[in-house]
file my_file-v2.cif (mmCIF, C-alpha atoms)
data_coords
loop_
_atom_site.label_atom_id
_atom_site.label_comp_id
_atom_site.auth_asym_id
_atom_site.auth_seq_id
_atom_site.Cartn_x
_atom_site.Cartn_y
_atom_site.Cartn_z
CA MET A 206 -130.45 -69.85 -11.64
CA SER A 207 -131.40 -71.13 -15.07
CA MET A 208 -129.87 -73.91 -17.11
CA ARG A 209 -127.64 -72.81 -19.92
CA ILE A 210 -129.03 -73.93 -23.24
CA ASN A 211 -126.45 -76.38 -24.47
CA ILE A 212 -128.23 -78.36 -27.13
CA SER A 213 -126.29 -81.52 -27.85
CA GLY A 214 -123.91 -81.04 -30.76
CA SER A 215 -122.25 -83.56 -32.98
CA SER A 216 -121.52 -87.02 -31.68
CA ASP A 217 -119.89 -90.09 -33.09
CA LEU A 218 -118.66 -93.61 -32.50
CA LEU A 219 -115.06 -94.33 -33.53
CA ARG A 220 -112.12 -96.60 -32.82
CA LEU A 221 -108.74 -95.41 -31.56
CA PRO A 222 -105.61 -96.81 -33.24
CA PRO A 223 -103.81 -99.68 -31.47
CA GLY A 224 -100.69 -98.56 -29.63
CA GLU A 225 -101.85 -94.97 -29.05
CA ASP A 226 -102.32 -93.81 -25.48
CA LEU A 227 -106.04 -93.47 -24.78
CA LEU A 228 -105.78 -89.94 -23.39
CA VAL A 229 -103.40 -88.80 -26.13
CA GLY A 230 -105.94 -90.15 -28.63
CA LEU A 231 -108.77 -88.29 -26.94
CA TYR A 232 -106.88 -84.97 -27.03
CA ARG A 233 -106.01 -85.59 -30.71
CA ILE A 234 -109.64 -86.34 -31.69
CA CYS A 235 -110.88 -83.26 -29.82
CA ARG A 236 -108.33 -81.03 -31.58
CA GLU A 237 -109.08 -82.53 -35.00
CA TRP A 238 -112.81 -82.05 -34.51
CA GLY A 239 -112.64 -78.70 -32.75
CA ILE A 240 -114.31 -79.97 -29.59
CA SER A 241 -113.68 -78.08 -26.35
CA PHE A 242 -116.91 -78.92 -24.55
CA GLY A 243 -118.38 -82.38 -24.23
CA VAL A 244 -118.43 -85.82 -22.71
CA PHE A 245 -117.19 -89.24 -23.80
CA THR A 246 -117.29 -92.91 -22.92
CA ALA A 247 -114.94 -95.68 -24.04
CA THR A 248 -114.80 -99.47 -23.78
CA GLY A 249 -112.50 -102.18 -25.10
CA SER A 250 -109.18 -103.56 -23.99
CA VAL A 251 -105.92 -101.87 -23.09
CA ARG A 252 -102.31 -102.86 -22.38
CA GLY A 253 -101.97 -102.10 -18.69
CA ALA A 254 -103.08 -98.77 -17.30
CA THR A 255 -102.15 -96.19 -14.69
CA LEU A 256 -104.91 -95.20 -12.29
CA GLY A 257 -104.94 -92.31 -9.82
CA HIS A 258 -106.67 -91.90 -6.50
CA LEU A 259 -106.84 -88.47 -4.90
CA ASP A 260 -105.26 -88.39 -1.44
CA ARG A 261 -107.23 -85.58 0.11
CA GLU A 262 -104.89 -85.05 3.04
CA CYS A 263 -101.85 -84.21 0.93
CA GLY A 264 -103.84 -83.07 -2.15
CA GLU A 265 -101.83 -85.43 -4.35
CA VAL A 266 -102.81 -88.28 -6.60
CA CYS A 267 -101.58 -91.78 -5.65
CA ARG A 268 -100.71 -93.84 -8.71
CA GLN A 269 -101.67 -97.48 -9.23
CA ILE A 270 -99.88 -99.14 -12.15
CA LEU A 271 -101.55 -102.21 -13.65
CA GLU A 272 -98.95 -104.33 -15.45
CA VAL A 273 -101.18 -106.88 -17.13
CA ASP A 274 -103.65 -106.50 -19.99
CA GLN A 275 -107.00 -105.12 -18.93
CA GLU A 276 -110.54 -105.17 -20.23
CA LEU A 277 -111.62 -101.52 -20.38
CA VAL A 278 -115.06 -102.14 -18.91
CA HIS A 279 -115.92 -98.47 -18.66
CA CYS A 280 -114.14 -95.20 -19.22
CA GLY A 281 -116.02 -91.93 -18.97
CA GLY A 282 -115.18 -88.28 -18.62
CA ASN A 283 -115.55 -84.73 -19.79
CA ILE A 284 -113.91 -82.13 -22.03
CA SER A 285 -113.63 -78.50 -20.92
CA LEU A 286 -111.08 -75.67 -20.83
CA GLN A 287 -108.04 -74.91 -18.68
CA GLU A 288 -105.53 -72.07 -19.21
CA GLY A 289 -106.76 -71.46 -22.76
CA GLY A 290 -106.36 -75.10 -23.80
CA LEU A 291 -108.30 -78.34 -23.57
CA SER A 292 -108.74 -80.23 -20.31
CA ILE A 293 -109.85 -83.86 -20.48
CA ARG A 294 -110.60 -85.80 -17.28
CA ALA A 295 -111.24 -89.53 -17.43
CA HIS A 296 -112.14 -92.25 -14.93
CA ALA A 297 -112.10 -95.96 -15.70
CA VAL A 298 -113.14 -99.40 -14.46
CA LEU A 299 -110.85 -102.22 -15.59
CA SER A 300 -110.72 -105.97 -15.10
CA ASP A 301 -108.07 -108.55 -15.93
CA ARG A 302 -108.34 -112.12 -17.17
CA GLN A 303 -108.61 -113.41 -13.58
CA GLY A 304 -111.60 -111.12 -13.00
CA ARG A 305 -109.74 -108.72 -10.69
CA VAL A 306 -111.42 -105.29 -10.90
CA SER A 307 -109.55 -101.98 -10.64
CA ALA A 308 -110.95 -98.45 -10.84
CA GLY A 309 -109.83 -94.85 -10.50
CA GLU A 310 -108.94 -91.74 -12.42
CA LEU A 311 -107.41 -92.88 -15.73
CA LEU A 312 -103.94 -91.36 -16.18
CA ALA A 313 -102.59 -93.58 -18.99
CA ALA A 314 -103.50 -96.72 -20.96
CA GLU A 315 -102.15 -98.12 -24.21
CA VAL A 316 -104.94 -98.87 -26.68
CA HIS A 317 -105.36 -102.46 -27.85
CA VAL A 318 -108.98 -102.14 -29.03
CA VAL A 319 -110.83 -99.04 -27.84
CA GLU A 320 -114.26 -97.91 -29.05
CA LEU A 321 -115.07 -94.31 -28.22
CA PHE A 322 -118.32 -92.35 -28.07
CA VAL A 323 -117.78 -88.59 -28.15
CA GLN A 324 -120.65 -86.19 -27.62
CA ALA A 325 -119.85 -82.54 -28.24
CA LEU A 326 -121.98 -79.95 -26.45
CA ARG A 327 -122.88 -76.53 -27.81
CA GLY A 328 -122.45 -73.42 -25.74
CA THR A 329 -119.65 -72.08 -23.56
CA PRO A 330 -117.60 -74.76 -21.78
CA PRO A 331 -116.73 -74.31 -18.11
CA THR A 332 -113.12 -73.36 -17.40
CA ARG A 333 -110.92 -75.01 -14.78
CA GLU A 334 -109.26 -72.57 -12.36
CA PRO A 335 -106.91 -73.33 -9.46
CA ASP A 336 -108.91 -74.10 -6.33
CA PRO A 337 -107.02 -72.94 -3.22
CA GLU A 338 -108.85 -75.35 -0.88
CA THR A 339 -108.08 -78.57 -2.74
CA GLY A 340 -105.07 -77.57 -4.84
CA LEU A 341 -106.93 -78.92 -7.90
CA TRP A 342 -108.05 -77.23 -11.14
CA LEU A 343 -111.82 -77.03 -10.82
CA TRP A 344 -114.86 -75.49 -12.50
CA PRO A 345 -116.92 -72.93 -10.57
CA VAL A 346 -119.56 -74.47 -8.30
CA ALA A 347 -123.17 -74.59 -9.56
CA MET B 273 -110.32 -85.16 -41.01
CA SER B 274 -113.65 -83.68 -39.97
CA MET B 275 -116.26 -84.97 -37.59
CA ARG B 276 -119.26 -86.54 -39.19
CA ILE B 277 -122.39 -84.61 -38.35
CA ASN B 278 -124.38 -87.08 -36.31
CA ILE B 279 -126.88 -84.96 -34.47
CA SER B 280 -128.35 -86.94 -31.61
CA GLY B 281 -131.55 -88.67 -32.64
CA SER B 282 -134.36 -90.05 -30.55
CA SER B 283 -133.65 -91.27 -27.06
CA ASP B 284 -135.72 -92.83 -24.34
CA LEU B 285 -135.82 -94.40 -20.91
CA LEU B 286 -137.56 -97.76 -20.65
CA ARG B 287 -137.70 -100.95 -18.61
CA LEU B 288 -136.94 -104.42 -19.97
CA PRO B 289 -139.34 -107.25 -19.07
CA PRO B 290 -138.30 -109.56 -16.20
CA GLY B 291 -136.94 -112.89 -17.40
CA GLU B 292 -135.70 -111.61 -20.78
CA ASP B 293 -131.98 -111.76 -21.48
CA LEU B 294 -130.59 -108.22 -21.38
CA LEU B 295 -128.82 -108.51 -24.75
CA VAL B 296 -131.79 -110.21 -26.41
CA GLY B 297 -133.95 -107.35 -25.12
CA LEU B 298 -131.53 -104.77 -26.49
CA TYR B 299 -131.56 -106.37 -29.97
CA ARG B 300 -135.36 -106.54 -29.84
CA ILE B 301 -135.75 -102.86 -28.86
CA CYS B 302 -133.32 -101.77 -31.58
CA ARG B 303 -135.22 -103.77 -34.22
CA GLU B 304 -138.62 -102.49 -33.05
CA TRP B 305 -137.40 -98.90 -33.12
CA GLY B 306 -135.28 -99.18 -36.27
CA ILE B 307 -132.05 -98.23 -34.49
CA SER B 308 -128.77 -99.35 -36.06
CA PHE B 309 -126.52 -96.58 -34.72
CA GLY B 310 -126.39 -95.46 -31.13
CA VAL B 311 -125.33 -95.95 -27.54
CA PHE B 312 -127.05 -97.20 -24.41
CA THR B 313 -126.64 -97.54 -20.66
CA ALA B 314 -128.52 -99.82 -18.27
CA THR B 315 -128.77 -100.28 -14.51
CA GLY B 316 -130.81 -102.47 -12.19
CA SER B 317 -130.51 -106.03 -11.01
CA VAL B 318 -130.01 -109.29 -12.89
CA ARG B 319 -130.12 -113.01 -12.18
CA GLY B 320 -126.48 -113.98 -12.54
CA ALA B 321 -124.49 -112.95 -15.59
CA THR B 322 -121.81 -114.19 -17.95
CA LEU B 323 -118.83 -111.89 -18.40
CA GLY B 324 -116.06 -112.12 -20.98
CA HIS B 325 -112.43 -111.03 -20.82
CA LEU B 326 -110.41 -110.93 -24.03
CA ASP B 327 -107.31 -113.14 -23.88
CA ARG B 328 -105.08 -111.29 -26.29
CA GLU B 329 -102.58 -114.10 -26.71
CA CYS B 330 -105.09 -116.60 -28.09
CA GLY B 331 -107.59 -113.98 -29.36
CA GLU B 332 -110.39 -115.71 -27.45
CA VAL B 333 -112.78 -114.53 -24.80
CA CYS B 334 -112.52 -116.18 -21.34
CA ARG B 335 -115.93 -116.60 -19.74
CA GLN B 336 -116.73 -115.81 -16.09
CA ILE B 337 -120.10 -117.12 -14.94
CA LEU B 338 -121.67 -115.41 -11.92
CA GLU B 339 -124.16 -117.75 -10.26
CA VAL B 340 -125.70 -115.42 -7.72
CA ASP B 341 -127.99 -112.42 -8.19
CA GLN B 342 -126.16 -109.26 -9.12
CA GLU B 343 -126.79 -105.55 -8.87
CA LEU B 344 -126.29 -104.20 -12.41
CA VAL B 345 -124.31 -101.17 -11.30
CA HIS B 346 -123.43 -100.11 -14.82
CA CYS B 347 -123.90 -101.50 -18.30
CA GLY B 348 -122.88 -99.48 -21.33
CA GLY B 349 -122.24 -100.08 -24.97
CA ASN B 350 -122.87 -99.25 -28.57
CA ILE B 351 -125.02 -100.25 -31.54
CA SER B 352 -123.53 -100.46 -35.04
CA LEU B 353 -123.53 -102.77 -38.08
CA GLN B 354 -121.91 -106.13 -38.88
CA GLU B 355 -122.54 -108.26 -41.98
CA GLY B 356 -125.68 -106.34 -42.85
CA GLY B 357 -127.21 -106.80 -39.40
CA LEU B 358 -127.06 -105.17 -36.00
CA SER B 359 -124.04 -105.49 -33.72
CA ILE B 360 -124.47 -104.65 -30.05
CA ARG B 361 -121.47 -104.66 -27.70
CA ALA B 362 -121.97 -104.28 -23.97
CA HIS B 363 -119.70 -104.07 -20.92
CA ALA B 364 -120.93 -104.23 -17.34
CA VAL B 365 -119.97 -103.70 -13.70
CA LEU B 366 -121.85 -105.93 -11.25
CA SER B 367 -121.87 -106.42 -7.50
CA ASP B 368 -123.49 -109.04 -5.29
CA ARG B 369 -125.10 -108.78 -1.87
CA GLN B 370 -121.72 -109.30 -0.18
CA GLY B 371 -120.31 -106.34 -2.10
CA ARG B 372 -118.10 -108.43 -4.41
CA VAL B 373 -117.56 -106.50 -7.64
CA SER B 374 -117.23 -108.14 -11.07
CA ALA B 375 -116.72 -106.49 -14.45
CA GLY B 376 -116.13 -107.38 -18.09
CA GLU B 377 -117.78 -107.66 -21.46
CA LEU B 378 -121.42 -108.60 -20.84
CA LEU B 379 -122.31 -111.79 -22.71
CA ALA B 380 -125.59 -112.73 -20.97
CA ALA B 381 -127.74 -111.68 -18.00
CA GLU B 382 -131.33 -112.48 -17.09
CA VAL B 383 -133.30 -109.33 -16.36
CA HIS B 384 -134.84 -108.95 -12.91
CA VAL B 385 -135.28 -105.15 -13.01
CA VAL B 386 -133.38 -103.35 -15.77
CA GLU B 387 -133.80 -99.68 -16.68
CA LEU B 388 -132.38 -98.78 -20.07
CA PHE B 389 -131.40 -95.49 -21.70
CA VAL B 390 -131.10 -95.74 -25.47
CA GLN B 391 -129.75 -92.86 -27.53
CA ALA B 392 -130.04 -93.26 -31.28
CA LEU B 393 -127.58 -91.33 -33.44
CA ARG B 394 -128.31 -89.93 -36.89
CA GLY B 395 -125.99 -90.55 -39.78
CA THR B 396 -124.19 -93.60 -41.11
CA PRO B 397 -123.16 -96.15 -38.46
CA PRO B 398 -119.69 -97.67 -38.58
CA THR B 399 -119.54 -101.28 -39.78
CA ARG B 400 -117.59 -104.07 -38.07
CA GLU B 401 -115.21 -105.96 -40.37
CA PRO B 402 -112.92 -108.88 -39.53
CA ASP B 403 -109.59 -107.57 -38.24
CA PRO B 404 -106.74 -109.93 -39.21
CA GLU B 405 -104.44 -108.78 -36.39
CA THR B 406 -106.80 -109.41 -33.49
CA GLY B 407 -109.29 -111.86 -35.01
CA LEU B 408 -112.11 -109.56 -33.83
CA TRP B 409 -114.84 -107.72 -35.76
CA LEU B 410 -113.81 -104.07 -35.55
CA TRP B 411 -114.70 -100.66 -36.98
CA PRO B 412 -112.12 -98.84 -39.10
CA VAL B 413 -109.62 -96.80 -37.07
CA ALA B 414 -110.19 -93.03 -36.75
CA MET C 210 -144.65 -100.24 -30.92
CA SER C 211 -142.81 -97.12 -31.98
CA MET C 212 -140.16 -95.14 -30.20
CA ARG C 213 -141.35 -91.99 -28.57
CA ILE C 214 -139.68 -88.98 -30.11
CA ASN C 215 -137.66 -87.58 -27.24
CA ILE C 216 -135.13 -85.34 -28.89
CA SER C 217 -132.34 -84.59 -26.48
CA GLY C 218 -132.98 -81.39 -24.58
CA SER C 219 -130.59 -79.16 -22.73
CA SER C 220 -127.48 -80.62 -21.19
CA ASP C 221 -124.64 -79.22 -19.15
CA LEU C 222 -121.47 -79.90 -17.20
CA LEU C 223 -121.32 -78.49 -13.69
CA ARG C 224 -119.71 -78.98 -10.29
CA LEU C 225 -121.61 -79.72 -7.09
CA PRO C 226 -120.65 -77.75 -3.96
CA PRO C 227 -118.33 -79.48 -1.46
CA GLY C 228 -120.18 -80.83 1.58
CA GLU C 229 -123.53 -81.29 -0.19
CA ASP C 230 -124.92 -84.80 -0.47
CA LEU C 231 -124.64 -85.94 -4.08
CA LEU C 232 -128.29 -87.02 -4.35
CA VAL C 233 -129.57 -83.91 -2.56
CA GLY C 234 -127.55 -81.86 -5.05
CA LEU C 235 -129.02 -83.77 -7.99
CA TYR C 236 -132.59 -83.18 -6.79
CA ARG C 237 -131.79 -79.48 -6.23
CA ILE C 238 -130.31 -79.05 -9.73
CA CYS C 239 -133.27 -80.82 -11.34
CA ARG C 240 -135.73 -78.58 -9.47
CA GLU C 241 -133.82 -75.40 -10.30
CA TRP C 242 -133.65 -76.34 -13.97
CA GLY C 243 -137.14 -77.80 -14.25
CA ILE C 244 -135.89 -81.25 -15.29
CA SER C 245 -138.16 -84.24 -14.67
CA PHE C 246 -136.91 -86.48 -17.47
CA GLY C 247 -133.29 -87.24 -18.19
CA VAL C 248 -130.05 -88.99 -17.40
CA PHE C 249 -126.84 -88.01 -15.65
CA THR C 250 -123.32 -89.16 -14.94
CA ALA C 251 -120.93 -87.95 -12.25
CA THR C 252 -117.27 -88.48 -11.35
CA GLY C 253 -114.90 -87.08 -8.74
CA SER C 254 -114.27 -87.84 -5.11
CA VAL C 255 -116.60 -88.21 -2.15
CA ARG C 256 -116.35 -88.51 1.65
CA GLY C 257 -117.52 -92.06 2.21
CA ALA C 258 -120.71 -93.35 0.66
CA THR C 259 -123.66 -95.62 1.37
CA LEU C 260 -124.35 -98.28 -1.25
CA GLY C 261 -127.40 -100.51 -1.57
CA HIS C 262 -127.78 -104.01 -2.98
CA LEU C 263 -131.26 -105.36 -3.63
CA ASP C 264 -131.96 -108.57 -1.74
CA ARG C 265 -134.50 -110.17 -4.03
CA GLU C 266 -135.71 -112.73 -1.53
CA CYS C 267 -136.89 -110.20 1.03
CA GLY C 268 -137.34 -107.33 -1.47
CA GLU C 269 -135.20 -105.07 0.73
CA VAL C 270 -132.03 -103.15 0.06
CA CYS C 271 -128.92 -104.19 2.06
CA ARG C 272 -126.78 -101.19 2.98
CA GLN C 273 -122.99 -101.06 2.69
CA ILE C 274 -121.42 -98.07 4.44
CA LEU C 275 -117.98 -97.01 3.23
CA GLU C 276 -116.21 -95.05 5.96
CA VAL C 277 -113.13 -93.86 4.10
CA ASP C 278 -112.79 -91.32 1.29
CA GLN C 279 -113.62 -92.71 -2.12
CA GLU C 280 -112.80 -91.87 -5.70
CA LEU C 281 -116.16 -91.58 -7.48
CA VAL C 282 -115.07 -93.53 -10.55
CA HIS C 283 -118.54 -93.62 -12.07
CA CYS C 284 -122.00 -92.58 -11.03
CA GLY C 285 -124.90 -92.84 -13.46
CA GLY C 286 -128.64 -92.80 -13.32
CA ASN C 287 -131.94 -91.44 -14.49
CA ILE C 288 -134.56 -88.84 -13.63
CA SER C 289 -138.27 -89.64 -13.94
CA LEU C 290 -141.51 -89.20 -11.99
CA GLN C 291 -143.01 -90.88 -8.93
CA GLU C 292 -146.18 -89.83 -7.08
CA GLY C 293 -146.23 -86.43 -8.80
CA GLY C 294 -142.65 -85.63 -7.81
CA LEU C 295 -139.15 -86.32 -9.06
CA SER C 296 -137.53 -89.74 -8.77
CA ILE C 297 -133.76 -89.97 -9.16
CA ARG C 298 -132.02 -93.37 -9.17
CA ALA C 299 -128.25 -93.58 -9.09
CA HIS C 300 -125.66 -96.37 -9.17
CA ALA C 301 -121.97 -95.88 -8.50
CA VAL C 302 -118.53 -97.48 -8.72
CA LEU C 303 -116.08 -96.28 -6.07
CA SER C 304 -112.48 -97.01 -5.16
CA ASP C 305 -110.36 -96.04 -2.18
CA ARG C 306 -106.70 -95.10 -1.89
CA GLN C 307 -105.73 -98.78 -1.52
CA GLY C 308 -107.49 -99.57 -4.80
CA ARG C 309 -110.40 -101.45 -3.19
CA VAL C 310 -113.42 -101.21 -5.52
CA SER C 311 -117.03 -100.99 -4.29
CA ALA C 312 -120.20 -100.72 -6.36
CA GLY C 313 -123.97 -100.65 -5.93
CA GLU C 314 -126.99 -98.40 -5.87
CA LEU C 315 -125.84 -95.03 -4.53
CA LEU C 316 -127.90 -94.03 -1.49
CA ALA C 317 -125.73 -91.24 -0.06
CA ALA C 318 -122.31 -89.63 -0.56
CA GLU C 319 -120.86 -86.34 0.67
CA VAL C 320 -119.38 -84.32 -2.19
CA HIS C 321 -115.69 -83.46 -2.03
CA VAL C 322 -115.23 -82.75 -5.74
CA VAL C 323 -118.04 -83.93 -8.03
CA GLU C 324 -118.39 -83.08 -11.71
CA LEU C 325 -121.84 -83.74 -13.11
CA PHE C 326 -123.18 -84.16 -16.64
CA VAL C 327 -126.95 -83.74 -16.84
CA GLN C 328 -128.83 -84.46 -20.05
CA ALA C 329 -132.50 -83.47 -20.03
CA LEU C 330 -134.80 -85.33 -22.41
CA ARG C 331 -137.85 -83.86 -24.12
CA GLY C 332 -141.18 -85.62 -24.05
CA THR C 333 -143.18 -87.31 -21.33
CA PRO C 334 -141.12 -89.01 -18.63
CA PRO C 335 -142.07 -92.50 -17.46
CA THR C 336 -143.73 -92.67 -14.04
CA ARG C 337 -142.77 -95.11 -11.28
CA GLU C 338 -145.68 -97.12 -9.88
CA PRO C 339 -145.66 -99.74 -7.12
CA ASP C 340 -144.84 -103.18 -8.58
CA PRO C 341 -146.59 -105.92 -6.60
CA GLU C 342 -144.12 -108.64 -7.68
CA THR C 343 -140.94 -106.94 -6.51
CA GLY C 344 -142.27 -104.40 -4.01
CA LEU C 345 -140.32 -101.71 -5.89
CA TRP C 346 -141.47 -98.52 -7.66
CA LEU C 347 -141.01 -99.30 -11.35
CA TRP C 348 -141.80 -97.90 -14.80
CA PRO C 349 -144.11 -99.89 -17.08
CA VAL C 350 -142.32 -102.58 -19.11
CA ALA C 351 -141.42 -101.80 -22.75
#
call {"tool": "encode", "arguments": {"input": "my_file-v2.cif", "output": "structure tokens"}}
result
Amino acid sequence: MSMRINISGSSDLLRLPPGEDLLVGLYRICREWGISFGVFTATGSVRGATLGHLDRECGEVCRQILEVDQELVHCGGNISLQEGGLSIRAHAVLSDRQGRVSAGELLAAEVHVVELFVQALRGTPPTREPDPETGLWLWPVA
Amino acid sequence: MSMRINISGSSDLLRLPPGEDLLVGLYRICREWGISFGVFTATGSVRGATLGHLDRECGEVCRQILEVDQELVHCGGNISLQEGGLSIRAHAVLSDRQGRVSAGELLAAEVHVVELFVQALRGTPPTREPDPETGLWLWPVA
Amino acid sequence: MSMRINISGSSDLLRLPPGEDLLVGLYRICREWGISFGVFTATGSVRGATLGHLDRECGEVCRQILEVDQELVHCGGNISLQEGGLSIRAHAVLSDRQGRVSAGELLAAEVHVVELFVQALRGTPPTREPDPETGLWLWPVA
């Protein structure tokens, strides 16, 4: 097996508009810039957030809704393809004013101040396909 | 809108000297290398740390001081411009020997062992300007 | 001092096979691709995990074993050299179905679904040498 040559493409630092959902903003930026293959990180502060944790036994994602404002200590994820469109997956670590830390898959978060680093990759992105074992949409195994 | 072409520039792995403040070390490295646009991550262990959490109602940052040694599980942030100088923003996730996890904006931390990845970007960095709504220094919105 | 010119090399997104240990998989990928200098991040879900926290007084790593399934909210680390071979160091933030967050150096974790971003760097990787003060294998200080 040899590594595909995916020289790093364009990358940038930018700020998402207040009030926009973080994931909606990510999909918008990727469409505007024509990115379908890449990675990103984000930090800042958000108005609440919804986190997911995969329950492996039932194959479903348990939701954890955070009502209070959160510091977005880390958000990271990747951009690839699924059913001919974009697929963005994000995970996040959050903390509130009392220092309580929460973490999981990031399903939703309203932007207060979010700074985003997007790094596009060159080459052919992996494509998510239904995985019969887990019930999830997954890339092929390397 | 089109993505600015910021091909990734130089990048490197390096270790900060023990006893130096992590943020002071970051500013020093950026000045020595002439970096004013980029991203970084750091891991290792630090002697205590000061974390900040933005209190949106008063626009101020609440400080959380960690007295005991901490594993620096993740630190990430960006390098841009503010008032003609460098502006480095960092967030961190820390844990102590008892497994207690803390997270927030990283305001200070004394290096014990810190390994740093710095990735310079090419192009024009965004500049932080005072934002009347939040009272913070922010980049323009994308 | 001047920054070494380490233009970013190849990078890729890929999925590790279920059942493989995350670190074993990372070493395997690096060997298959000929990577001895770089950084990586990973997210997904794992079957338990073993975390380490450096105890500075005795210079040893305390182990924290997580029995239950964990969301791999963030894993990040670097690839360099040690004694003529590869050295991979990883830290991770994990959360379980009840939202309990754990974090530390990642010593072991069985892959359920793990998506990996590997970014190879060009140039000469730093080499870990025994550090008499800490008893750890460390790069030279920058």
call {"tool": "closest_residue", "arguments": {"input": "my_file-v2.cif", "among": "A:Arg252, A:Arg302, A:His317, A:Arg333", "to": "chain C", "atoms": "only C-alpha atoms"}}
result
A:Arg333
call {"tool": "closest_atom_pairs", "arguments": {"input": "my_file-v2.cif", "of": "chain A", "to": "chain B", "cutoff": "9 Å", "atoms": "all atoms listed in the file", "output": "tab-separated table"}}
result
residue	atom	partner	partner_atom	distance
A:Ser213	CA	B:Ser280	CA	6.9
A:Gly214	CA	B:Ile279	CA	6.2
A:Ser215	CA	B:Ile279	CA	5.1
A:Ser216	CA	B:Asn278	CA	5.4
A:Asp217	CA	B:Asn278	CA	6.3
A:Leu218	CA	B:Pro398	CA	7.4
A:Leu219	CA	B:Ala414	CA	6.0
A:Arg220	CA	B:Val413	CA	4.9
A:Leu221	CA	B:Val413	CA	5.8
A:Pro222	CA	B:Val413	CA	5.5
A:Pro223	CA	B:Val413	CA	8.6
A:Ile234	CA	B:Ala414	CA	8.4
A:Glu237	CA	B:Met273	CA	6.7
A:Trp238	CA	B:Met275	CA	5.5
A:Gly239	CA	B:Met275	CA	8.7
A:Thr246	CA	B:Gly348	CA	8.8
A:Ala247	CA	B:Gly349	CA	8.6
A:Thr248	CA	B:His363	CA	7.3
A:Gly249	CA	B:Glu377	CA	8.4
A:Ser250	CA	B:Leu326	CA	7.5
A:Asp274	CA	B:Arg328	CA	8.0
A:Gln275	CA	B:His325	CA	8.2
A:Glu276	CA	B:His325	CA	6.2
A:Leu277	CA	B:Gly376	CA	7.7
A:Val278	CA	B:Gly376	CA	5.4
A:His279	CA	B:His363	CA	7.1
A:Val298	CA	B:Ala375	CA	7.9
A:Leu299	CA	B:Ala375	CA	7.3
A:Ser300	CA	B:Ala375	CA	6.1
A:Asp301	CA	B:His325	CA	7.0
A:Arg302	CA	B:His325	CA	5.6
A:Gln303	CA	B:His325	CA	8.5
A:Gly304	CA	B:Ser374	CA	6.7
A:Arg305	CA	B:Ser374	CA	7.5
A:Val306	CA	B:Ser374	CA	6.5
A:His317	CA	B:Arg328	CA	9.0
A:Val318	CA	B:Leu410	CA	8.3
A:Glu320	CA	B:Trp411	CA	8.4
A:Phe322	CA	B:Val311	CA	7.9
A:Gln324	CA	B:Ser280	CA	8.7
call {"tool": "atom_distance", "arguments": {"input": "my_file-v2.cif", "atom1": "atom CA of Leu321 of chain A", "atom2": "atom CA of Ser308 of chain B"}}
result
16.6 Å
call {"tool": "closest_residue", "arguments": {"input": "my_file-v2.cif", "among": "C:Val323, C:Val277, C:Ile297, C:Ala318", "to": "Leu235 of chain C", "atoms": "all atoms listed in the file"}}
result
C:Ile297
call {"tool": "atom_distance", "arguments": {"input": "my_file-v2.cif", "atom1": "atom CA of Glu401 of chain B", "atom2": "atom CA of Val229 of chain A"}}
result
25.2 Å
call {"tool": "atom_distance", "arguments": {"input": "my_file-v2.cif", "atom1": "atom CA of Asp293 of chain B", "atom2": "atom CA of Glu382 of chain B"}}
result
4.5 Å
call {"tool": "build_atoms", "arguments": {"input": "my_file-v2.cif", "residues": "segment 251-260 of chain C", "atoms": "N, CA and C atoms", "output": "CSV table (one decimal), in the frame of the given file"}}
result
chain,number,residue,atom,x,y,z
C,251,ALA,N,-121.7,-88.8,-13.1
C,251,ALA,CA,-120.9,-88.0,-12.2
C,251,ALA,C,-119.6,-88.7,-11.9
C,252,THR,N,-118.6,-87.9,-11.8
C,252,THR,CA,-117.3,-88.5,-11.4
C,252,THR,C,-116.6,-87.5,-10.4
C,253,GLY,N,-115.6,-88.0,-9.7
C,253,GLY,CA,-114.9,-87.1,-8.7
C,253,GLY,C,-114.4,-87.8,-7.5
C,254,SER,N,-114.6,-87.2,-6.4
C,254,SER,CA,-114.3,-87.8,-5.1
C,254,SER,C,-115.3,-87.4,-4.0
C,255,VAL,N,-115.6,-88.4,-3.2
C,255,VAL,CA,-116.6,-88.2,-2.2
C,255,VAL,C,-116.1,-88.7,-0.8
C,256,ARG,N,-116.7,-88.1,0.3
C,256,ARG,CA,-116.4,-88.5,1.6
C,256,ARG,C,-117.2,-89.7,2.0
C,257,GLY,N,-116.7,-90.9,1.9
C,257,GLY,CA,-117.5,-92.1,2.2
C,257,GLY,C,-118.7,-92.1,1.3
C,258,ALA,N,-119.5,-93.2,1.5
C,258,ALA,CA,-120.7,-93.4,0.7
C,258,ALA,C,-121.5,-94.5,1.3
C,259,THR,N,-122.8,-94.5,1.0
C,259,THR,CA,-123.7,-95.6,1.4
C,259,THR,C,-124.2,-96.2,0.1
C,260,LEU,N,-123.9,-97.5,-0.1
C,260,LEU,CA,-124.4,-98.3,-1.2
C,260,LEU,C,-125.5,-99.2,-0.9
